[in-house]
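my_file.txt (compact mmCIF, C-alpha atoms and all ligand atoms) appears below.
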# COMPACT_ATOMS: atom_id res chain seq x y z
CA MET X 1 83.28 36.25 155.31
CA LYS X 2 85.46 38.26 152.99
CA ASN X 3 85.17 35.51 150.40
CA ARG X 4 81.39 35.52 150.51
CA ILE X 5 81.21 39.21 149.81
CA LEU X 6 83.50 38.78 146.85
CA GLU X 7 81.35 35.94 145.60
CA LYS X 8 78.25 38.08 145.89
CA LEU X 9 79.98 40.93 144.03
CA ASN X 10 81.01 38.53 141.34
CA GLU X 11 77.39 37.56 140.90
CA PHE X 12 76.51 41.21 140.40
CA THR X 13 79.44 42.14 138.16
CA TYR X 14 77.51 41.83 134.91
CA PHE X 15 74.63 43.71 136.40
CA ILE X 16 76.90 46.61 137.54
CA TRP X 17 78.55 46.86 134.15
CA LEU X 18 75.15 46.97 132.52
CA ILE X 19 74.03 49.81 134.80
CA LEU X 20 77.23 51.74 134.08
CA LEU X 21 76.77 51.29 130.35
CA ILE X 22 73.19 52.54 130.50
CA LEU X 23 74.31 55.57 132.53
CA VAL X 24 77.03 56.41 129.99
CA ALA X 25 74.56 56.09 127.12
CA VAL X 26 72.06 58.38 128.85
CA PHE X 27 74.75 60.99 129.52
CA VAL X 28 76.05 60.91 125.97
CA THR X 29 72.57 61.31 124.49
CA TYR X 30 71.74 64.08 126.92
CA PHE X 31 74.86 66.11 126.18
CA TYR X 32 74.55 65.53 122.48
CA ASP X 33 71.00 66.83 122.62
CA LEU X 34 71.99 69.79 124.75
CA ASN X 35 74.76 70.64 122.38
CA LYS X 36 72.46 70.37 119.37
CA LYS X 37 69.89 72.62 121.03
CA SER X 38 72.51 75.24 121.75
CA GLN X 39 73.78 75.03 118.20
CA ILE X 40 70.28 75.60 116.85
CA TYR X 41 69.86 78.45 119.31
CA TYR X 42 73.05 80.16 118.15
CA LEU X 43 72.13 79.58 114.56
CA GLN X 44 68.70 81.13 115.12
CA LYS X 45 70.29 84.01 116.94
CA ALA X 46 72.64 84.50 114.04
CA PHE X 47 69.81 84.48 111.50
CA GLY X 48 68.01 87.01 113.64
CA ASN X 49 70.97 89.28 113.22
CA THR X 50 69.93 91.96 110.74
CA TYR X 51 73.44 92.51 109.52
CA LEU X 52 73.81 88.88 108.54
CA ASN X 53 70.33 88.89 107.06
CA LYS X 54 71.24 91.89 104.97
CA SER X 55 74.41 90.31 103.70
CA ILE X 56 72.60 87.06 102.88
CA ASN X 57 69.98 89.09 101.00
CA SER X 58 72.56 91.06 99.09
CA LEU X 59 74.44 87.87 98.35
CA THR X 60 71.40 86.18 96.87
CA SER X 61 70.28 89.29 95.04
CA LYS X 62 73.75 89.58 93.52
CA LEU X 63 73.36 86.07 92.21
CA MET X 64 69.94 86.85 90.76
CA PRO X 65 69.12 90.55 90.49
CA ARG X 66 65.44 91.28 90.67
CA TYR X 67 65.50 93.66 87.72
CA LEU X 68 67.12 92.74 84.49
CA THR X 69 67.84 95.47 81.98
CA ILE X 70 68.59 94.79 78.34
CA ASN X 71 69.96 97.27 75.83
CA TYR X 72 69.93 96.21 72.21
CA LYS X 73 70.81 97.81 68.89
CA ILE X 74 68.70 96.70 65.95
CA GLN X 75 70.57 94.65 63.34
CA LYS X 76 69.60 94.14 59.72
CA GLY X 77 66.71 91.68 59.43
CA ASP X 78 65.57 92.01 63.05
CA THR X 79 61.88 91.88 63.87
CA TYR X 80 60.07 92.46 67.15
CA GLU X 81 59.30 88.75 67.12
CA ASN X 82 62.91 87.57 66.97
CA ILE X 83 64.05 90.16 69.51
CA ILE X 84 61.47 89.18 72.10
CA ASP X 85 62.07 85.49 71.39
CA SER X 86 65.70 85.85 72.38
CA ILE X 87 64.69 87.06 75.86
CA ASP X 88 63.96 84.43 78.50
CA ILE X 89 60.42 85.38 79.60
CA PRO X 90 57.10 83.51 79.60
CA ASN X 91 55.30 83.23 76.26
CA ALA X 92 52.33 85.23 77.57
CA GLU X 93 54.71 88.13 78.22
CA LYS X 94 56.09 87.93 74.70
CA LYS X 95 52.53 88.09 73.35
CA THR X 96 51.73 91.09 75.55
CA PHE X 97 54.82 92.90 74.29
CA LEU X 98 53.98 92.28 70.64
CA GLU X 99 50.38 93.42 71.11
CA ASN X 100 51.37 96.61 72.88
CA VAL X 101 54.24 97.62 70.64
CA LYS X 102 51.97 97.50 67.59
CA ARG X 103 49.60 100.05 69.14
CA VAL X 104 52.09 102.89 68.67
CA LYS X 105 52.51 103.77 65.02
CA GLU X 106 55.90 105.50 65.52
CA ALA X 107 57.27 102.24 66.86
CA LYS X 108 55.78 99.91 64.28
CA SER X 109 58.77 99.47 62.00
CA LEU X 110 62.36 98.86 63.00
CA LYS X 111 65.45 100.48 61.54
CA VAL X 112 69.06 99.33 61.69
CA ASN X 113 70.97 100.84 64.65
CA GLN X 114 67.76 101.88 66.38
CA LYS X 115 68.00 101.24 70.12
CA ILE X 116 65.63 99.23 72.24
CA PHE X 117 65.61 98.84 76.00
CA PHE X 118 63.80 96.42 78.33
CA LYS X 119 63.39 96.34 82.09
CA ILE X 120 62.25 92.99 83.39
CA ASP X 121 61.09 92.16 86.92
CA ARG X 122 62.11 88.64 87.86
CA LYS X 123 60.45 88.56 91.25
CA ASP X 124 57.73 85.85 91.50
CA LYS X 125 56.21 85.94 88.03
CA VAL X 126 58.71 87.15 85.43
CA LYS X 127 57.32 90.15 83.58
CA ILE X 128 58.33 93.15 81.51
CA ILE X 129 57.72 96.33 83.48
CA GLU X 130 59.08 98.84 81.03
CA PHE X 131 60.47 99.07 77.52
CA GLN X 132 61.70 101.89 75.41
CA ILE X 133 62.20 102.24 71.68
CA GLU X 134 64.18 104.91 69.91
CA ILE X 135 62.00 106.46 67.19
CA ASP X 136 64.79 108.66 65.88
CA LYS X 137 67.77 110.51 67.32
CA LYS X 138 65.43 113.04 68.88
CA ARG X 139 62.57 110.96 70.23
CA ASP X 140 62.00 107.83 72.29
CA VAL X 141 58.75 106.05 72.99
CA ILE X 142 58.46 104.66 76.50
CA PHE X 143 56.03 101.90 77.48
CA GLU X 144 55.27 101.57 81.17
CA ARG X 145 53.26 98.71 82.56
CA ASP X 146 49.91 99.32 84.14
CA LYS X 147 49.95 97.66 87.57
CA ASP X 148 49.88 93.89 87.15
CA ILE X 149 47.76 93.86 84.01
CA ALA X 150 48.85 93.11 80.50
CA LYS X 151 48.60 96.70 79.32
CA PHE X 152 51.32 99.27 78.82
CA ASN X 153 50.88 103.04 78.79
CA SER X 154 53.03 104.65 76.16
CA LYS X 155 54.37 108.14 75.79
CA ILE X 156 56.77 109.80 73.40
CA ILE X 157 59.56 111.80 74.97
CA GLU X 158 61.81 114.33 73.32
CA LYS X 159 65.47 113.63 73.85
CA ASN X 160 66.35 117.30 73.39
CA LEU X 161 69.30 116.53 71.21
CA THR X 162 70.23 118.80 68.37
CA LYS X 163 71.61 117.41 65.15
CA VAL X 164 74.67 119.32 64.02
CA ILE X 165 76.53 118.75 60.77
CA ILE X 166 80.28 118.98 61.12
CA PHE X 167 82.89 119.40 58.42
CA LYS X 168 86.52 118.51 59.12
CA GLU X 169 89.56 118.24 56.93
CA GLY X 170 93.09 117.20 57.68
CA ILE X 171 96.40 115.98 56.44
CA ILE X 172 97.58 112.49 57.27
CA GLU X 173 100.79 112.62 59.30
CA ASN X 174 101.39 109.17 60.74
CA SER X 175 98.07 107.44 60.42
CA LEU X 176 94.57 108.33 59.37
CA TYR X 177 93.33 107.33 62.82
CA ASN X 178 95.63 109.65 64.76
CA SER X 179 95.28 112.55 62.35
CA ALA X 180 91.49 112.35 62.55
CA LEU X 181 91.55 111.95 66.32
CA ASN X 182 93.67 115.10 66.61
CA LEU X 183 90.93 117.00 64.77
CA GLY X 184 88.45 115.97 67.46
CA ILE X 185 86.67 113.38 65.36
CA LYS X 186 85.17 110.61 67.50
CA PRO X 187 86.65 107.08 67.11
CA ASN X 188 83.26 105.72 65.93
CA THR X 189 83.25 108.13 63.02
CA ILE X 190 86.89 107.38 62.13
CA ILE X 191 86.23 103.65 62.14
CA GLU X 192 83.22 104.19 59.88
CA PHE X 193 85.34 106.35 57.55
CA ALA X 194 88.02 103.66 57.36
CA ARG X 195 85.37 101.03 56.75
CA LEU X 196 84.03 103.01 53.77
CA TYR X 197 87.49 103.06 52.18
CA GLY X 198 88.52 99.61 53.37
CA PHE X 199 87.36 98.09 50.07
CA GLN X 200 89.49 100.31 47.89
CA VAL X 201 92.43 101.35 49.92
CA ASP X 202 95.57 99.46 50.69
CA PHE X 203 97.02 101.48 53.52
CA GLN X 204 100.59 100.60 52.61
CA ARG X 205 100.57 101.37 48.95
CA ASP X 206 97.86 103.97 48.68
CA ILE X 207 98.26 106.20 51.72
CA TRP X 208 101.22 108.54 51.93
CA LYS X 209 102.32 111.13 54.45
CA GLY X 210 100.78 114.37 53.28
CA ASP X 211 97.66 112.76 51.80
CA SER X 212 94.50 114.51 52.91
CA PHE X 213 90.93 113.76 53.84
CA GLN X 214 87.65 115.59 54.23
CA ILE X 215 84.70 114.39 56.18
CA MET X 216 81.18 115.68 56.79
CA PHE X 217 79.17 113.93 59.48
CA GLU X 218 76.24 114.24 61.86
CA GLN X 219 76.66 114.80 65.54
CA PHE X 220 74.01 114.93 68.26
CA GLU X 221 74.48 117.47 71.00
CA ASN X 222 72.54 118.21 74.18
CA GLU X 223 71.48 121.67 75.42
CA ASN X 224 74.97 122.29 76.78
CA GLY X 225 76.57 121.59 73.44
CA SER X 226 78.18 118.35 74.58
CA VAL X 227 78.37 115.64 71.97
CA ILE X 228 76.09 112.80 73.05
CA GLU X 229 76.20 110.63 69.98
CA SER X 230 77.92 110.55 66.65
CA GLY X 231 75.68 110.11 63.67
CA GLU X 232 76.30 109.06 60.11
CA ILE X 233 78.91 110.22 57.64
CA ILE X 234 77.23 112.26 54.88
CA TYR X 235 80.23 112.89 52.69
CA SER X 236 83.86 111.89 52.70
CA ASN X 237 86.85 112.38 50.48
CA LEU X 238 90.26 110.78 50.53
CA ASN X 239 92.96 112.43 48.48
CA THR X 240 95.91 110.18 47.81
CA ARG X 241 98.77 111.60 45.70
CA GLY X 242 96.45 114.09 44.06
CA ASN X 243 93.60 111.68 43.33
CA ASP X 244 90.25 112.29 44.98
CA LEU X 245 87.94 109.50 46.01
CA SER X 246 84.68 111.07 47.17
CA LEU X 247 81.80 109.17 48.69
CA TYR X 248 78.22 110.38 49.12
CA LYS X 249 75.65 108.96 51.47
CA PHE X 250 72.43 108.10 49.64
CA GLU X 251 69.14 106.84 51.05
CA PHE X 252 66.94 105.07 48.57
CA GLY X 253 64.19 102.52 48.10
CA LYS X 254 62.70 101.07 51.23
CA LYS X 255 65.03 102.09 54.04
CA GLU X 256 68.17 101.31 52.09
CA MET X 257 71.33 103.33 52.55
CA ASP X 258 74.73 103.11 50.96
CA TYR X 259 77.71 105.18 49.85
CA PHE X 260 78.44 105.91 46.21
CA ASP X 261 81.23 107.71 44.42
CA GLU X 262 80.51 110.75 42.26
CA ASN X 263 79.58 108.49 39.35
CA GLY X 264 76.95 106.68 41.38
CA LYS X 265 79.05 103.56 41.86
CA SER X 266 78.88 101.64 45.14
CA MET X 267 82.12 100.91 46.94
CA LYS X 268 80.77 97.85 48.60
CA LYS X 269 82.55 94.56 48.00
CA THR X 270 82.31 91.17 49.63
CA LEU X 271 85.60 91.57 51.47
CA MET X 272 87.81 94.43 52.57
CA LYS X 273 91.45 94.68 51.59
CA THR X 274 92.51 96.17 54.90
CA PRO X 275 90.44 95.11 57.90
CA VAL X 276 92.33 97.41 60.25
CA ASN X 277 92.75 101.15 59.86
CA GLY X 278 95.79 103.27 60.34
CA ALA X 279 97.93 100.22 59.71
CA ARG X 280 101.14 99.81 57.78
CA LEU X 281 101.54 96.70 55.66
CA SER X 282 104.63 95.15 57.22
CA SER X 283 104.91 91.79 55.52
CA SER X 284 103.19 90.74 52.35
CA PHE X 285 102.04 87.39 51.06
CA GLY X 286 104.72 85.08 49.69
CA LYS X 287 108.11 83.56 50.52
CA ARG X 288 109.97 85.12 53.42
CA LYS X 289 112.30 84.32 56.28
CA HIS X 290 110.16 83.77 59.36
CA PRO X 291 111.16 86.40 61.95
CA ILE X 292 110.99 83.94 64.86
CA LEU X 293 111.45 80.49 63.41
CA GLY X 294 114.35 81.75 61.28
CA TYR X 295 113.85 79.60 58.22
CA THR X 296 112.33 80.57 54.94
CA LYS X 297 108.75 79.57 54.38
CA MET X 298 105.70 80.80 52.58
CA HIS X 299 103.92 83.59 54.38
CA LEU X 300 100.32 82.71 53.68
CA GLY X 301 98.83 85.96 54.83
CA THR X 302 99.39 89.69 54.99
CA ASP X 303 100.76 91.43 58.07
CA PHE X 304 99.67 94.89 59.06
CA ALA X 305 101.68 96.60 61.78
CA ALA X 306 99.50 98.73 64.06
CA PRO X 307 99.59 99.74 67.72
CA THR X 308 98.25 97.24 70.27
CA GLY X 309 94.56 97.85 70.81
CA THR X 310 93.80 99.13 67.28
CA PRO X 311 90.35 97.74 66.34
CA ILE X 312 90.21 94.91 63.80
CA MET X 313 87.11 94.72 61.59
CA ALA X 314 85.33 91.77 60.04
CA SER X 315 86.29 92.14 56.39
CA GLY X 316 82.87 90.92 55.28
CA ASP X 317 79.52 89.70 56.58
CA GLY X 318 79.67 86.16 57.90
CA VAL X 319 79.65 83.72 60.78
CA VAL X 320 82.48 83.38 63.31
CA ILE X 321 83.68 79.79 63.10
CA ARG X 322 86.61 80.20 65.48
CA ALA X 323 87.44 82.68 68.26
CA GLN X 324 90.04 81.12 70.50
CA TRP X 325 93.73 80.58 71.19
CA CYS X 326 95.30 78.90 68.20
CA GLY X 327 98.94 78.32 69.08
CA GLY X 328 101.38 80.32 66.94
CA GLY X 329 98.55 82.54 65.81
CA GLY X 330 97.77 83.54 69.40
CA ASN X 331 94.22 84.75 69.88
CA CYS X 332 92.63 84.32 66.50
CA VAL X 333 89.28 84.65 64.78
CA LYS X 334 88.11 82.86 61.67
CA ILE X 335 85.04 83.98 59.74
CA LYS X 336 83.12 82.10 57.09
CA HIS X 337 81.66 84.62 54.62
CA ASN X 338 80.04 82.29 52.10
CA SER X 339 80.75 78.96 50.48
CA VAL X 340 83.85 80.42 48.78
CA TYR X 341 85.54 82.83 51.19
CA GLN X 342 86.86 82.58 54.75
CA THR X 343 89.16 85.03 56.55
CA VAL X 344 91.54 84.62 59.49
CA TYR X 345 92.79 87.31 61.90
CA ALA X 346 95.67 86.39 64.22
CA HIS X 347 97.83 87.65 67.14
CA MET X 348 94.95 89.64 68.69
CA SER X 349 95.41 91.16 72.13
CA LYS X 350 91.74 90.50 72.85
CA PHE X 351 88.49 89.57 71.15
CA GLY X 352 85.74 92.04 70.33
CA ARG X 353 82.66 92.19 72.52
CA GLY X 354 80.43 89.18 72.03
CA ILE X 355 82.73 87.59 69.48
CA LYS X 356 82.56 83.83 69.85
CA LYS X 357 81.99 80.75 67.73
CA GLY X 358 78.62 80.78 65.98
CA VAL X 359 78.03 84.54 66.16
CA ARG X 360 76.99 86.45 63.01
CA VAL X 361 79.07 89.50 62.18
CA LYS X 362 78.57 92.42 59.81
CA GLN X 363 81.21 93.83 57.56
CA GLY X 364 83.17 96.45 59.50
CA GLN X 365 82.11 95.16 62.91
CA ILE X 366 84.93 95.08 65.48
CA ILE X 367 85.95 91.48 66.08
CA GLY X 368 89.13 92.06 68.07
CA TYR X 369 92.11 94.26 68.75
CA VAL X 370 95.67 94.22 67.45
CA GLY X 371 98.17 92.48 69.72
CA SER X 372 101.25 90.32 69.69
CA THR X 373 100.00 87.00 71.06
CA GLY X 374 101.40 83.67 69.82
CA LEU X 375 104.51 83.59 67.62
CA SER X 376 104.90 87.28 66.98
CA THR X 377 107.71 89.84 67.20
CA GLY X 378 105.55 92.90 67.71
CA PRO X 379 101.98 94.15 67.56
CA HIS X 380 100.48 93.41 64.16
CA LEU X 381 97.51 91.80 62.48
CA HIS X 382 98.14 88.68 60.44
CA TYR X 383 95.29 88.54 57.93
CA GLU X 384 94.49 85.57 55.71
CA VAL X 385 91.96 85.18 52.93
CA ILE X 386 90.96 81.64 52.07
CA GLU X 387 89.31 81.07 48.70
CA ASN X 388 87.82 77.62 48.15
CA GLY X 389 90.04 76.21 50.93
CA LYS X 390 93.25 77.77 49.54
CA LYS X 391 95.08 80.72 51.12
CA ILE X 392 95.38 83.58 48.66
CA ASN X 393 96.95 87.04 48.59
CA SER X 394 94.39 89.43 50.10
CA GLN X 395 96.00 92.42 48.43
CA LYS X 396 95.45 90.96 44.98
CA LEU X 397 91.83 90.03 45.63
CA LYS X 398 89.77 90.66 42.54
CA LEU X 399 86.23 90.99 43.78
CA PRO X 400 83.32 92.11 41.65
CA SER X 401 82.88 95.86 42.03
CA GLY X 402 79.70 97.26 43.50
CA LYS X 403 76.64 98.19 41.53
CA THR X 404 76.19 101.49 39.69
CA LEU X 405 72.96 103.44 40.12
CA LYS X 406 70.85 103.70 36.99
CA GLY X 407 67.63 105.33 35.77
CA LYS X 408 65.36 106.96 38.31
CA LEU X 409 67.64 106.10 41.24
CA ARG X 410 70.57 107.69 39.44
CA LYS X 411 68.58 110.92 38.98
CA GLU X 412 67.66 110.93 42.65
CA PHE X 413 71.28 110.33 43.54
CA GLU X 414 72.43 113.31 41.42
CA VAL X 415 69.98 115.61 43.23
CA ASN X 416 71.13 114.24 46.57
CA LYS X 417 74.76 114.80 45.55
CA ILE X 418 74.17 118.44 44.65
CA LYS X 419 72.44 119.03 48.00
CA ILE X 420 75.42 117.53 49.82
CA ASP X 421 77.90 119.61 47.79
CA VAL X 422 75.97 122.79 48.58
CA LEU X 423 75.88 121.96 52.28
CA LYS X 424 79.59 121.26 52.18
CA SER X 425 80.37 124.62 50.53
CA GLU X 426 78.32 126.39 53.19
CA LEU X 427 80.19 124.65 55.99
CA ILE X 428 83.55 125.42 54.36
CA ALA X 429 82.53 129.07 53.91
CA LYS X 430 81.72 129.24 57.63
CA LEU X 431 85.19 127.97 58.50
CA ASN X 432 86.85 130.85 56.65
ZN ZN W 1 101.71 86.98 59.19

Now, as a test, write the supplied structure out as structure tokens.
Amino acid sequence: MKNRILEKLNEFTYFIWLILLILVAVFVTYFYDLNKKSQIYYLQKAFGNTYLNKSINSLTSKLMPRYLTINYKIQKGDTYENIIDSIDIPNAEKKTFLENVKRVKEAKSLKVNQKIFFKIDRKDKVKIIEFQIEIDKKRDVIFERDKDIAKFNSKIIEKNLTKVIIFKEGIIENSLYNSALNLGIKPNTIIEFARLYGFQVDFQRDIWKGDSFQIMFEQFENENGSVIESGEIIYSNLNTRGNDLSLYKFEFGKKEMDYFDENGKSMKKTLMKTPVNGARLSSSFGKRKHPILGYTKMHLGTDFAAPTGTPIMASGDGVVIRAQWCGGGGNCVKIKHNSVYQTVYAHMSKFGRGIKKGVRVKQGQIIGYVGSTGLSTGPHLHYEVIENGKKINSQKLKLPSGKTLKGKLRKEFEVNKIKIDVLKSELIAKLN
């Protein structure tokens, strides 16, 4: 009897196992499904949570802000066409901009240093919603988009800034930069002053303690008398060991502007002797014992000692062909000026804004700041001038001198010079 039951069970064994297997499979699928449903439910609940929604929104909007604002300062040779082409917007928008900007006669032509501002809405269809152009230091023209159509309404607004002409004079104690700063002259103006003399002046040999300077410049103030912007230098003089070197601002021809000495001669040269102001020449070109490596080798550049962070200027117009770490030279910049000249600036603490390979720079533009990176014993600028592939002494550079005004332009310049001298005397009289 017992045996028969076992036999019967044996016959069913496969069948029982099969049933069990099916049951297990059904349970597994069921629980998996249940679990998935609850996961989806929790996920939905979480998405319904406003706090999370808000943070997801802010996260995505941080990645791609809806409004893009662009501030740009006009450079020499800029046109509305090339400015709008550099902005990533649909072609139809570029066309709309060009059509609208030409409707306002005050905005028709562009001047160097003029400011332009764009506000772009990137939601759905990318479009410009507002742009603003500086007409002069006192007025802006604002273009606001008419709802969803390709037309802008323009209006001119007064900035309410007053132009004031300031005269300052001082004696150089430690450096031109610090002495000028102590007189309350803004860094922008000091840098411009140094740039004007950067062609002529070797700060080591030519500037002595007790030398003096005079400077007359524009300043723009608001109703409260706070200085909002510094304007252009109108006149400057640098007296070194009893010798005066005066420079007069002169506007001529079609929107041209330059500085000339009292004989109507331009100071402008292809390259500057000293691309950093307030510096002390600490090691000149030639054979010397290397301060770190210890052995004697040719020093193929000029060193200018200056405090860390002192701005370094491009010594001439050109294209940046290197702006990176270069070993012993630390952070360095190399500029190609033309087929003959290249310049190198080494040991920088940091690069100037926007300075990278391929970028065009203007003479006097800040390309970096003095530092002590790479093989260096202290903050200084190592400056090299390369002429036809060969490193030469920057302090002995013989560059063609600037042009001298002649004829009608010279007459205009003389009148302009007298006006400036009169203005200067008035300002000096007021001081006393
Ligand atoms: Zn050096």

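Here CA of Gly389 in chain X and CA of Gln365 in chain X stand 23.8 Å from one another.
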
Q: Go through the chains and note each residue within 10 Å of ligand ZN 1 (chain W), using only C-alpha atoms and all ligand atoms, then give the set as a PyMOL selection string.
A: chain X and resi 282-285+290-291+298-305+329+345-347+375-376+380-384

Q. So which one's closest to Ile172 in chain X, X:Gly210, X:Pro275, X:Gly184, X:Pro90? Using only C-alpha atoms, please.
A. X:Gly210

(Q) Could you check the closest approach to Arg195 in chain X for each of X:Ile233, X:Ile149, X:Met272, X:Ile166 and tell me which residue wins, using all atoms listed in the file? (A) X:Met272

Q. To one decimal place, how far is CA of Lys94 in chain X from CA of Lys362 in chain X in Å?
A.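 These atoms are spaced 27.3 Å apart.
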
(Q) Just want the 12 Å neighbourhood of range 218-230 of chain X, counted on all atoms listed in the file, with same-chain residues fewer than 2 positions away dropped. Output as a PyMOL selection string. (A) chain X and resi 136-138+158-168+184-192+215-216+232-235+249

Go ahead and dump the residues you just picked, C-alpha atoms, as a CSV table (one decimal), in the coordinates of the input.
chain,number,residue,atom,x,y,z
X,136,ASP,CA,64.8,108.7,65.9
X,137,LYS,CA,67.8,110.5,67.3
X,138,LYS,CA,65.4,113.0,68.9
X,158,GLU,CA,61.8,114.3,73.3
X,159,LYS,CA,65.5,113.6,73.8
X,160,ASN,CA,66.4,117.3,73.4
X,161,LEU,CA,69.3,116.5,71.2
X,162,THR,CA,70.2,118.8,68.4
X,163,LYS,CA,71.6,117.4,65.2
X,164,VAL,CA,74.7,119.3,64.0
X,165,ILE,CA,76.5,118.8,60.8
X,166,ILE,CA,80.3,119.0,61.1
X,167,PHE,CA,82.9,119.4,58.4
X,168,LYS,CA,86.5,118.5,59.1
X,184,GLY,CA,88.4,116.0,67.5
X,185,ILE,CA,86.7,113.4,65.4
X,186,LYS,CA,85.2,110.6,67.5
X,187,PRO,CA,86.6,107.1,67.1
X,188,ASN,CA,83.3,105.7,65.9
X,189,THR,CA,83.2,108.1,63.0
X,190,ILE,CA,86.9,107.4,62.1
X,191,ILE,CA,86.2,103.6,62.1
X,192,GLU,CA,83.2,104.2,59.9
X,215,ILE,CA,84.7,114.4,56.2
X,216,MET,CA,81.2,115.7,56.8
X,232,GLU,CA,76.3,109.1,60.1
X,233,ILE,CA,78.9,110.2,57.6
X,234,ILE,CA,77.2,112.3,54.9
X,235,TYR,CA,80.2,112.9,52.7
X,249,LYS,CA,75.6,109.0,51.5

Q. Could you work out how far CA of Phe117 in chain X lies from CA of Lys350 in chain X, giving the answer in Å with one decimal?
A.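 For CA of Lys350 in chain X relative to CA of Phe117 in chain X, the distance reads 27.6 Å.
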
(Q) With only C-alpha atoms as the counted atoms, please give the residues lying no more than 12 Å from Asp261 in chain X, apart from itself and same-chain residues fewer than 6 positions off, as a list in words. (A)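 The neighbour list is Leu196, Tyr197, Gln200, Tyr235, Ser236, Asn237, Leu238, Asp244, Leu245, Ser246, Leu247, Tyr248, Lys249, Phe250, Met267, Lys268, Gly402, Lys403, Thr404, Leu405, Arg410, Phe413, Glu414 and Lys417 of chain X.
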
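Closest approach to Leu427 in chain X from the set X:Gly253, X:Thr377, X:Leu409, X:Phe217 is made by X:Phe217, with distances taken over only C-alpha atoms.
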
Q) Mind listing as number ranges by chain all residues within 12 Å of (99.8, 107.6, 46.9), counting all atoms listed in the file? A) X: 172, 201-212, 238-244

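Between Glu93 in chain X and the candidates X:Ile120, X:Leu20, X:Ile386, X:Ile74, the tightest atom-to-atom separation, counting all atoms listed in the file, involves X:Ile120.
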
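Remark: for His337 in chain X, the closest of the candidate residues X:Lys111, X:Arg353, X:Lys269, X:Lys398 is X:Lys269 (distances computed over all atoms listed in the file).
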
Q. Between X:Leu399, X:Ala314, X:Ala306, X:Cys332, which one has atoms that come closest to Gly378 in chain X, using all atoms listed in the file?
A. X:Ala306

Mind dumping a table of every range 150-245 of chain X residue within 10 Å of range 130-134 of chain X, with the nearest atom pair and its distance in Å to one decimal, using all atoms listed in the file, sorted by chain and rising number, as a Markdown table?
| residue | atom | partner | partner_atom | distance |
| --- | --- | --- | --- | --- |
| X:Phe152 | CA | X:Glu130 | CA | 8.1 |
| X:Asn153 | CA | X:Glu130 | CA | 9.5 |
| X:Ser154 | CA | X:Gln132 | CA | 9.1 |
| X:Lys155 | CA | X:Gln132 | CA | 9.6 |
| X:Ile156 | CA | X:Ile133 | CA | 9.5 |
| X:Ile157 | CA | X:Glu134 | CA | 9.7 |
| X:Lys159 | CA | X:Glu134 | CA | 9.7 |
